[in-house]
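data-v7.csv, holding CSV, C-alpha atoms:
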chain,number,residue,atom,x,y,z
C,1,MET,CA,-44.4,-137.4,169.1
C,2,GLN,CA,-45.1,-134.4,166.8
C,3,PHE,CA,-43.5,-131.1,167.8
C,4,THR,CA,-43.0,-128.0,165.7
C,5,THR,CA,-41.7,-124.5,166.5
C,6,SER,CA,-41.7,-121.3,164.7
C,7,CYS,CA,-40.5,-117.8,165.3
C,8,PRO,CA,-42.8,-115.4,163.5
C,9,THR,CA,-40.9,-112.4,164.9
C,10,TYR,CA,-37.5,-112.1,166.5
C,11,THR,CA,-39.0,-112.1,170.0
C,12,THR,CA,-42.0,-114.4,169.7
C,13,TRP,CA,-42.0,-118.2,169.8
C,14,GLN,CA,-44.8,-120.5,168.9
C,15,MET,CA,-44.8,-124.2,170.0
C,16,ASN,CA,-47.2,-126.9,168.8
C,17,SER,CA,-47.4,-130.5,169.7
C,18,ALA,CA,-51.0,-130.9,168.5
C,19,GLY,CA,-51.4,-134.3,166.8
C,20,THR,CA,-49.1,-136.1,169.3
C,21,ALA,CA,-50.6,-139.4,170.5
C,22,ASP,CA,-49.6,-141.9,173.1
C,23,ALA,CA,-48.9,-145.3,171.7
C,24,GLU,CA,-50.9,-146.9,174.5
C,25,GLY,CA,-53.8,-144.4,174.2
C,26,ASP,CA,-53.1,-142.7,177.5
C,27,ALA,CA,-53.9,-139.0,178.0
C,28,ILE,CA,-51.1,-136.7,177.3
C,29,ARG,CA,-50.3,-133.8,179.7
C,30,TYR,CA,-48.4,-130.7,178.6
C,31,SER,CA,-46.3,-128.2,180.5
C,32,TRP,CA,-44.5,-125.6,178.6
C,33,ASN,CA,-42.1,-123.9,181.0
C,34,TRP,CA,-40.6,-120.8,179.5
C,35,GLY,CA,-37.9,-120.3,182.2
C,36,ASP,CA,-38.8,-116.7,182.7
C,37,ALA,CA,-41.2,-116.9,185.7
C,38,ALA,CA,-44.3,-117.0,183.4
C,39,VAL,CA,-46.9,-119.5,184.4
C,40,PRO,CA,-46.4,-122.7,182.4
C,41,SER,CA,-48.8,-123.3,179.6
C,42,THR,CA,-50.6,-126.7,179.6
C,43,GLY,CA,-52.2,-126.9,176.1
C,44,ALA,CA,-50.9,-128.9,173.1
C,45,ALA,CA,-50.5,-125.6,171.2
C,46,PRO,CA,-50.0,-122.8,173.7
C,47,ALA,CA,-50.3,-119.2,172.7
C,48,ALA,CA,-47.2,-117.6,171.3
C,49,HIS,CA,-44.7,-116.6,174.0
C,50,THR,CA,-42.5,-113.4,174.0

Before we go any further, please render this structure as structure tokens.
Amino acid sequence: MQFTTSCPTYTTWQMNSAGTADAEGDAIRYSWNWGDAAVPSTGAAPAAHT
């Protein structure tokens, strides 16, 4: 699994797991739950979250 984070500003987070691959070739599903009632993002590299 590849996973990186960055914090370009004090209140903005960027997550990225693009490049992650399943060892058996199965499709990977993402759910980035921010814990603040925002709708979870489902992409490998979701938009920055504030």

Please indicate the distance in Å from atom CA of C:Arg29 to atom CA of C:Trp13, rounded to one decimal place.
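Between atom CA of C:Arg29 and atom CA of C:Trp13 the gap is 20.3 Å.
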
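In this model, the gap between atom CA of C:Gln14 and atom CA of C:Pro46 comes to 7.4 Å.
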
Any idea what the distance is between atom CA of C:Ala44 and atom CA of C:Thr20?
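Calculated distance between atom CA of C:Ala44 and atom CA of C:Thr20 is 8.3 Å.
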
Report as a list in words all protein, DNA and RNA residues lying within 12 Å of C:Ile28, evaluated on all atoms listed in the file, omitting residues in the same chain fewer than 4 positions from it.
Met1, Ser17, Ala18, Gly19, Thr20, Ala21, Asp22, Ala23, Glu24, Thr42, Gly43 and Ala44 of chain C
